[in-house]
$ cat run21.pdb   # PDB, C-alpha atoms
ATOM      1  CA  VAL A 439    -131.656 -45.552  27.225
ATOM      2  CA  THR A 440    -134.626 -44.193  29.138
ATOM      3  CA  ALA A 441    -136.162 -42.437  26.151
ATOM      4  CA  ILE A 442    -139.745 -43.268  25.231
ATOM      5  CA  LEU A 443    -139.731 -46.282  22.969
ATOM      6  CA  LEU A 444    -142.510 -45.453  20.540
ATOM      7  CA  GLY A 445    -142.961 -47.932  17.732
ATOM      8  CA  THR A 446    -140.465 -50.331  19.221
ATOM      9  CA  THR A 447    -140.234 -54.004  19.708
ATOM     10  CA  ILE A 448    -138.402 -55.016  22.862
ATOM     11  CA  GLY A 449    -136.483 -51.771  22.962
ATOM     12  CA  HIS A 450    -135.274 -51.563  19.398
ATOM     13  CA  THR A 451    -136.883 -49.332  16.801
ATOM     14  CA  LYS A 452    -138.553 -51.081  13.912
ATOM     15  CA  THR A 453    -137.451 -49.652  10.616
ATOM     16  CA  MET A 454    -137.484 -51.231   7.229
ATOM     17  CA  ASP A 455    -134.277 -51.160   5.243
ATOM     18  CA  LYS A 456    -134.090 -51.584   1.466
ATOM     19  CA  ASN A 457    -134.414 -55.367   1.872
ATOM     20  CA  ASN A 458    -137.505 -55.013   4.103
ATOM     21  CA  GLU A 459    -135.609 -56.417   7.081
ATOM     22  CA  ILE A 460    -135.947 -55.008  10.586
ATOM     23  CA  ASN A 461    -132.831 -53.281  11.887
ATOM     24  CA  LYS A 462    -133.163 -54.017  15.581
ATOM     25  CA  TYR A 463    -130.145 -51.902  16.491
ATOM     26  CA  ASP A 464    -131.419 -48.541  15.241
ATOM     27  CA  TYR A 465    -132.479 -47.474  18.738
ATOM     28  CA  VAL A 466    -129.104 -48.342  20.254
ATOM     29  CA  LYS A 467    -127.301 -46.520  17.443
ATOM     30  CA  LYS A 468    -129.456 -43.442  17.928
ATOM     31  CA  LYS A 469    -128.870 -43.503  21.682
ATOM     32  CA  ILE A 470    -125.104 -43.700  21.217
ATOM     33  CA  LYS A 471    -125.126 -40.899  18.644
ATOM     34  CA  ASP A 472    -127.268 -38.708  20.909
ATOM     35  CA  ASP A 473    -124.950 -39.343  23.860
ATOM     36  CA  GLU A 474    -121.751 -38.804  21.876
ATOM     37  CA  ASP A 475    -122.933 -35.788  19.856
ATOM     38  CA  LEU A 476    -121.190 -35.508  16.482
ATOM     39  CA  LYS A 477    -117.977 -33.484  16.497
ATOM     40  CA  ILE A 478    -116.614 -33.008  12.971
ATOM     41  CA  LEU A 479    -113.180 -31.748  14.018
ATOM     42  CA  PRO A 480    -111.012 -33.894  16.313
ATOM     43  CA  TYR A 481    -110.514 -32.604  19.852
ATOM     44  CA  THR A 482    -108.760 -33.535  23.085
ATOM     45  CA  LEU A 483    -111.255 -34.474  25.761
ATOM     46  CA  LYS A 484    -111.013 -32.605  29.073
ATOM     47  CA  TYR A 485    -113.302 -33.095  32.027
ATOM     48  CA  THR A 486    -113.328 -32.762  35.780
ATOM     49  CA  GLU A 487    -113.705 -35.688  38.085
ATOM     50  CA  LYS A 488    -114.263 -35.823  41.842
ATOM     51  CA  ASP A 489    -112.043 -38.040  43.928
ATOM     52  CA  SER A 490    -113.278 -40.029  46.948
ATOM     53  CA  LYS A 491    -112.895 -36.912  49.137
ATOM     54  CA  GLY A 492    -114.949 -34.739  46.781
ATOM     55  CA  ASN A 493    -111.975 -32.807  45.408
ATOM     56  CA  LYS A 494    -112.190 -31.919  41.724
ATOM     57  CA  LYS A 495    -109.406 -33.036  39.409
ATOM     58  CA  LEU A 496    -108.934 -31.991  35.781
ATOM     59  CA  ILE A 497    -108.495 -34.964  33.443
ATOM     60  CA  VAL A 498    -106.955 -34.379  29.988
ATOM     61  CA  GLU A 499    -106.946 -37.393  27.673
ATOM     62  CA  ASN A 500    -103.691 -38.189  25.847
ATOM     63  CA  PHE A 501    -105.443 -38.908  22.546
ATOM     64  CA  GLN A 502    -107.894 -37.138  20.274
ATOM     65  CA  THR A 503    -111.534 -37.941  19.723
ATOM     66  CA  GLY A 504    -113.748 -37.136  16.751
ATOM     67  CA  GLY A 505    -117.069 -37.990  15.169
ATOM     68  CA  TYR A 506    -119.345 -39.895  17.515
ATOM     69  CA  GLY A 507    -116.839 -40.407  20.318
ATOM     70  CA  HIS A 508    -114.300 -42.195  18.112
ATOM     71  CA  LYS A 509    -110.912 -42.540  19.763
ATOM     72  CA  ILE A 510    -108.362 -41.644  17.089
ATOM     73  CA  LEU A 511    -105.736 -44.336  17.357
ATOM     74  CA  LYS A 512    -102.009 -43.875  16.866
ATOM     75  CA  GLY A 513    -101.248 -44.178  13.174
ATOM     76  CA  GLU A 514    -104.817 -43.416  12.077
ATOM     77  CA  ILE A 515    -104.616 -41.086   9.076
ATOM     78  CA  ALA A 516    -106.964 -38.148   8.493
ATOM     79  CA  PRO A 517    -109.131 -38.539   5.372
ATOM     80  CA  LYS A 518    -107.822 -36.852   2.209
ATOM     81  CA  GLU A 519    -111.120 -35.027   1.721
ATOM     82  CA  GLY A 520    -111.049 -33.800   5.317
ATOM     83  CA  TYR A 521    -113.320 -34.664   8.188
ATOM     84  CA  THR A 522    -116.975 -34.648   7.151
ATOM     85  CA  LYS A 523    -120.233 -35.960   8.531
ATOM     86  CA  ALA A 524    -120.209 -38.689   5.866
ATOM     87  CA  TYR A 525    -116.724 -39.755   6.924
ATOM     88  CA  TRP A 526    -117.730 -39.971  10.589
ATOM     89  CA  GLU A 527    -120.908 -41.910   9.732
ATOM     90  CA  GLY A 528    -118.718 -44.583   8.118
ATOM     91  CA  VAL A 529    -116.400 -44.634  11.129
ATOM     92  CA  PHE A 530    -119.423 -44.902  13.435
ATOM     93  CA  GLU A 531    -120.727 -47.974  11.611
ATOM     94  CA  LYS A 532    -117.348 -49.699  12.011
ATOM     95  CA  ASP A 533    -117.100 -48.675  15.676
ATOM     96  CA  PHE A 534    -120.663 -49.853  16.304
ATOM     97  CA  GLU A 535    -119.907 -53.232  14.724
ATOM     98  CA  LEU A 536    -116.877 -53.574  17.035
ATOM     99  CA  ALA A 537    -119.029 -52.680  20.047
ATOM    100  CA  LEU A 538    -121.753 -55.118  19.007
ATOM    101  CA  ASN A 539    -119.256 -57.956  18.611
ATOM    102  CA  GLY A 540    -117.525 -56.974  21.858
ATOM    103  CA  ALA A 541    -120.820 -57.135  23.734
ATOM    104  CA  ARG A 542    -121.521 -60.546  22.166
ATOM    105  CA  ASN A 543    -118.096 -61.718  23.359
ATOM    106  CA  ILE A 544    -119.019 -60.735  26.914
ATOM    107  CA  ILE A 545    -122.523 -62.235  26.950
ATOM    108  CA  PRO A 546    -124.202 -63.897  23.962
ATOM    109  CA  GLU A 547    -127.022 -61.673  22.748
ATOM    110  CA  GLU A 548    -129.665 -64.399  22.983
ATOM    111  CA  ASN A 549    -128.937 -64.808  26.717
ATOM    112  CA  LEU A 550    -130.093 -61.287  27.640
ATOM    113  CA  ASP A 551    -133.195 -59.194  27.483
ATOM    114  CA  PRO A 552    -132.731 -57.111  24.307
ATOM    115  CA  LYS A 553    -132.810 -53.850  26.280
ATOM    116  CA  ALA A 554    -130.115 -55.148  28.634
ATOM    117  CA  PHE A 555    -128.048 -56.220  25.635
ATOM    118  CA  GLY A 556    -128.459 -52.713  24.205
ATOM    119  CA  VAL A 557    -127.023 -51.276  27.441
ATOM    120  CA  LEU A 558    -124.079 -53.650  27.140
ATOM    121  CA  VAL A 559    -123.450 -52.554  23.533
ATOM    122  CA  GLU A 560    -123.519 -48.892  24.603
ATOM    123  CA  MET A 561    -121.044 -49.561  27.383
ATOM    124  CA  VAL A 562    -118.656 -51.381  25.047
ATOM    125  CA  TYR A 563    -118.969 -48.560  22.516
ATOM    126  CA  GLN A 564    -117.987 -46.002  25.134
ATOM    127  CA  MET A 565    -115.426 -47.928  27.196
ATOM    128  CA  GLY A 566    -114.256 -50.825  25.048
ATOM    129  CA  GLU A 567    -114.693 -54.545  25.580
ATOM    130  CA  THR A 568    -111.712 -54.928  27.932
ATOM    131  CA  ASN A 569    -112.890 -52.185  30.293
ATOM    132  CA  VAL A 570    -116.459 -53.479  30.336
ATOM    133  CA  LYS A 571    -115.159 -56.958  31.232
ATOM    134  CA  GLY A 572    -113.884 -55.289  34.418
ATOM    135  CA  PHE A 573    -117.517 -54.928  35.536
ATOM    136  CA  LYS A 574    -117.391 -58.558  36.712
ATOM    137  CA  ASN A 575    -120.317 -58.358  39.136
ATOM    138  CA  THR A 576    -122.460 -56.504  36.614
ATOM    139  CA  ILE A 577    -121.779 -59.225  34.071
ATOM    140  CA  LYS A 578    -122.506 -61.973  36.614
ATOM    141  CA  HIS A 579    -125.875 -60.393  37.478
ATOM    142  CA  LEU A 580    -126.753 -59.818  33.818
ATOM    143  CA  LYS A 581    -126.045 -63.476  33.041
ATOM    144  CA  ASN A 582    -128.340 -64.459  35.926
ATOM    145  CA  GLY A 583    -131.112 -62.117  34.778
ATOM    146  CA  GLU A 584    -130.712 -60.056  37.975
ATOM    147  CA  TYR A 585    -131.069 -56.718  36.256
ATOM    148  CA  SER A 586    -131.622 -54.562  39.363
ATOM    149  CA  LYS A 587    -128.463 -55.952  40.960
ATOM    150  CA  ALA A 588    -126.585 -55.379  37.687
ATOM    151  CA  ALA A 589    -127.856 -51.781  37.700
ATOM    152  CA  ASP A 590    -126.430 -51.199  41.182
ATOM    153  CA  GLN A 591    -123.057 -52.527  40.037
ATOM    154  CA  LEU A 592    -122.971 -49.975  37.197
ATOM    155  CA  LEU A 593    -123.173 -47.138  39.699
ATOM    156  CA  TYR A 594    -121.408 -48.300  42.849
ATOM    157  CA  ASN A 595    -118.291 -50.085  44.023
ATOM    158  CA  PHE A 596    -118.988 -52.424  46.928
ATOM    159  CA  ASP A 597    -116.723 -53.817  49.646
ATOM    160  CA  ALA A 598    -116.565 -57.494  50.666
ATOM    161  CA  ASN A 599    -119.505 -56.977  53.054
ATOM    162  CA  GLY A 600    -121.700 -55.587  50.285
ATOM    163  CA  ASP A 601    -121.521 -52.013  51.555
ATOM    164  CA  ILE A 602    -121.152 -49.168  49.065
ATOM    165  CA  LYS A 603    -117.569 -47.842  48.864
ATOM    166  CA  GLY A 604    -118.266 -45.151  46.284
ATOM    167  CA  TRP A 605    -119.139 -44.471  42.665
ATOM    168  CA  THR A 606    -117.732 -46.499  39.781
ATOM    169  CA  ASN A 607    -115.321 -44.599  37.534
ATOM    170  CA  TRP A 608    -117.891 -44.831  34.730
ATOM    171  CA  HIS A 609    -120.493 -43.174  36.928
ATOM    172  CA  LYS A 610    -118.037 -40.466  37.991
ATOM    173  CA  GLN A 611    -117.027 -39.694  34.401
ATOM    174  CA  THR A 612    -120.423 -39.888  32.706
ATOM    175  CA  PRO A 613    -123.084 -39.890  35.427
ATOM    176  CA  ASN A 614    -126.042 -39.272  33.116
ATOM    177  CA  ARG A 615    -125.205 -42.279  30.957
ATOM    178  CA  ALA A 616    -124.587 -44.548  33.922
ATOM    179  CA  ASN A 617    -127.812 -43.416  35.627
ATOM    180  CA  GLU A 618    -129.863 -43.923  32.451
ATOM    181  CA  ALA A 619    -128.398 -47.395  31.920
ATOM    182  CA  ALA A 620    -129.038 -48.338  35.554
ATOM    183  CA  LYS A 621    -132.602 -46.991  35.385
ATOM    184  CA  LEU A 622    -133.338 -49.059  32.272
ATOM    185  CA  LEU A 623    -131.873 -52.234  33.774
ATOM    186  CA  SER A 624    -133.827 -51.695  37.000
ATOM    187  CA  SER A 625    -137.049 -51.492  34.978
ATOM    188  CA  LEU A 626    -136.611 -54.982  33.519
TER     189      LEU A 626
END

$ encode --input "run21.pdb" --output "structure tokens"
Amino acid sequence: VTAILLGTTIGHTKTMDKNNEINKYDYVKKKIKDDEDLKILPYTLKYTEKDSKGNKKLIVENFQTGGYGHKILKGEIAPKEGYTKAYWEGVFEKDFELALNGARNIIPEENLDPKAFGVLVEMVYQMGETNVKGFKNTIKHLKNGEYSKAADQLLYNFDANGDIKGWTNWHKQTPNRANEAAKLLSSL
């Protein structure tokens, strides 16, 4: 999200498709793909997480992931031709469309700065619409155009007095992504 935006219009790369239309989501797609890093063969995600006391805990997901961070759902069948880059590209486009529509369900696209909307799409892609809706204060600040306050809410949990209680789970699990998103929102 904090990459240099050369040749962009309001944060989205200008590219001409076969119909000479601008695909304003190319930058967001590239950012998601870069963050997810294509994995042809499905795998079980394992990572360490620090609790509030700083103790490390090993987390092992109970599902497999493949492609560009695609959660393989129960009942999803492997392709007959096997897992290929082409297969995962098709899955990515479907997953991106779900994320785009999920972000629109949270906040209509026209109500946000395009860069802020791109952050929202990335979050929904990674965490799902339901989990992103749990960022109630972030959403409230985004709707009000208070992007710096929204950025803080991506990183920190606050108590009733407004004091920081600790990191959000998203920040603990993927700190680089959360920091990049917060940095971009703070710049708006």

$ resolve_selection --input "run21.pdb" --expression "the PyMOL selection byres ((chain A and resi 529-537) around 9)" --output "ChimeraX atom specification"
/A:467,471,505-508,524-528,538-542,558-564,566-567

$ atom_distance --input "run21.pdb" --atom1 "CA of Phe573 in chain A" --atom2 "CA of Leu476 in chain A"
27.5 Å

$ atom_distance --input "run21.pdb" --atom1 "CA of Leu593 in chain A" --atom2 "CA of Thr576 in chain A"
9.9 Å

$ closest_residue --input "run21.pdb" --among "A:Ile545, A:Glu514, A:Thr482, A:Lys488" --to "Trp605 in chain A" --atoms "only C-alpha atoms"
A:Lys488

$ closest_residue --input "run21.pdb" --among "A:Tyr481, A:Pro546, A:Gln591, A:Met565" --to "Lys603 in chain A" --atoms "all atoms listed in the file"
A:Gln591

$ residues_around --input "run21.pdb" --residues "range 583-588 of chain A" --least-positions-apart "6" --cutoff "9 Å" --atoms "all atoms listed in the file" --output "JSON, numbers by chain"
{"A": [549, 550, 551, 554, 575, 576, 577, 620, 621, 622, 623, 624, 625, 626]}

$ write_last_selection --input "run21.pdb" --atoms "C-alpha atoms" --output "compact mmCIF listing (two decimals), in the coordinates of the input"
# COMPACT_ATOMS: atom_id res chain seq x y z
CA ASN A 549 -128.94 -64.81 26.72
CA LEU A 550 -130.09 -61.29 27.64
CA ASP A 551 -133.20 -59.19 27.48
CA ALA A 554 -130.12 -55.15 28.63
CA ASN A 575 -120.32 -58.36 39.14
CA THR A 576 -122.46 -56.50 36.61
CA ILE A 577 -121.78 -59.22 34.07
CA ALA A 620 -129.04 -48.34 35.55
CA LYS A 621 -132.60 -46.99 35.38
CA LEU A 622 -133.34 -49.06 32.27
CA LEU A 623 -131.87 -52.23 33.77
CA SER A 624 -133.83 -51.70 37.00
CA SER A 625 -137.05 -51.49 34.98
CA LEU A 626 -136.61 -54.98 33.52

$ residues_around --input "run21.pdb" --residues "Thr612 in chain A" --least-positions-apart "5" --cutoff "10 Å" --atoms "all atoms listed in the file" --output "list in words"
Asp473, Tyr485, Glu487, Asn607 and Asn617 of chain A

$ closest_residue --input "run21.pdb" --among "A:Ala516, A:Val557, A:Leu483, A:Ala589" --to "Ile470 in chain A" --atoms "all atoms listed in the file"
A:Val557

$ closest_residue --input "run21.pdb" --among "A:Gly600, A:Pro480, A:Gly513, A:Gly572" --to "Ile544 in chain A" --atoms "only C-alpha atoms"
A:Gly572

$ atom_distance --input "run21.pdb" --atom1 "CA of Lys494 in chain A" --atom2 "CA of Ala616 in chain A"
19.3 Å

$ decode --input "run21.pdb" --residues "range 582-610 of chain A" --atoms "N, CA and C atoms" --output "tab-separated table (two decimals), in the first residue's frame"
chain	number	residue	atom	x	y	z
A	582	ASN	N	-16.31	8.92	8.27
A	582	ASN	CA	-16.22	10.35	8.60
A	582	ASN	C	-15.04	11.04	7.93
A	583	GLY	N	-14.27	10.29	7.14
A	583	GLY	CA	-13.10	10.87	6.49
A	583	GLY	C	-11.95	11.14	7.44
A	584	GLU	N	-11.97	10.52	8.61
A	584	GLU	CA	-10.93	10.70	9.64
A	584	GLU	C	-9.89	9.59	9.47
A	585	TYR	N	-9.09	9.72	8.45
A	585	TYR	CA	-8.21	8.63	8.05
A	585	TYR	C	-7.09	8.34	9.05
A	586	SER	N	-6.56	9.35	9.71
A	586	SER	CA	-5.52	9.12	10.72
A	586	SER	C	-6.08	8.35	11.92
A	587	LYS	N	-7.29	8.70	12.33
A	587	LYS	CA	-7.93	7.98	13.43
A	587	LYS	C	-8.24	6.54	13.01
A	588	ALA	N	-8.67	6.36	11.77
A	588	ALA	CA	-8.94	5.01	11.26
A	588	ALA	C	-7.65	4.20	11.26
A	589	ALA	N	-6.54	4.83	10.90
A	589	ALA	CA	-5.24	4.16	10.87
A	589	ALA	C	-4.87	3.65	12.26
A	590	ASP	N	-5.08	4.48	13.28
A	590	ASP	CA	-4.78	4.06	14.65
A	590	ASP	C	-5.60	2.84	15.04
A	591	GLN	N	-6.85	2.80	14.61
A	591	GLN	CA	-7.75	1.70	14.96
A	591	GLN	C	-7.34	0.39	14.28
A	592	LEU	N	-6.62	0.47	13.17
A	592	LEU	CA	-6.12	-0.73	12.51
A	592	LEU	C	-5.04	-1.40	13.34
A	593	LEU	N	-4.29	-0.60	14.07
A	593	LEU	CA	-3.12	-1.09	14.80
A	593	LEU	C	-3.40	-1.41	16.26
A	594	TYR	N	-4.24	-0.60	16.90
A	594	TYR	CA	-4.39	-0.69	18.36
A	594	TYR	C	-5.82	-0.95	18.80
A	595	ASN	N	-5.94	-1.65	19.92
A	595	ASN	CA	-7.19	-1.75	20.65
A	595	ASN	C	-7.15	-0.67	21.73
A	596	PHE	N	-8.26	0.00	21.94
A	596	PHE	CA	-8.34	1.07	22.92
A	596	PHE	C	-9.36	0.73	23.99
A	597	ASP	N	-9.12	1.23	25.21
A	597	ASP	CA	-10.12	1.05	26.28
A	597	ASP	C	-11.14	2.19	26.21
A	598	ALA	N	-12.08	2.20	27.14
A	598	ALA	CA	-13.16	3.19	27.14
A	598	ALA	C	-12.64	4.61	27.31
A	599	ASN	N	-11.46	4.76	27.92
A	599	ASN	CA	-10.87	6.09	28.11
A	599	ASN	C	-10.05	6.56	26.91
A	600	GLY	N	-9.93	5.69	25.91
A	600	GLY	CA	-9.14	6.04	24.73
A	600	GLY	C	-7.66	5.71	24.85
A	601	ASP	N	-7.31	4.96	25.91
A	601	ASP	CA	-5.92	4.55	26.09
A	601	ASP	C	-5.67	3.25	25.34
A	602	ILE	N	-4.47	3.09	24.84
A	602	ILE	CA	-4.11	1.88	24.08
A	602	ILE	C	-4.03	0.69	25.02
A	603	LYS	N	-4.76	-0.39	24.66
A	603	LYS	CA	-4.72	-1.64	25.43
A	603	LYS	C	-3.73	-2.63	24.84
A	604	GLY	N	-3.46	-2.52	23.56
A	604	GLY	CA	-2.55	-3.44	22.90
A	604	GLY	C	-2.81	-3.45	21.40
A	605	TRP	N	-2.09	-4.34	20.73
A	605	TRP	CA	-2.22	-4.47	19.27
A	605	TRP	C	-3.53	-5.15	18.89
A	606	THR	N	-4.03	-4.84	17.70
A	606	THR	CA	-5.16	-5.60	17.16
A	606	THR	C	-4.64	-6.97	16.74
A	607	ASN	N	-5.51	-7.94	16.65
A	607	ASN	CA	-5.10	-9.28	16.19
A	607	ASN	C	-4.52	-9.20	14.78
A	608	TRP	N	-5.09	-8.36	13.93
A	608	TRP	CA	-4.58	-8.22	12.56
A	608	TRP	C	-3.14	-7.73	12.60
A	609	HIS	N	-2.87	-6.75	13.44
A	609	HIS	CA	-1.51	-6.23	13.54
A	609	HIS	C	-0.56	-7.28	14.09
A	610	LYS	N	-1.01	-8.07	15.06
A	610	LYS	CA	-0.17	-9.12	15.62
A	610	LYS	C	0.15	-10.18	14.59
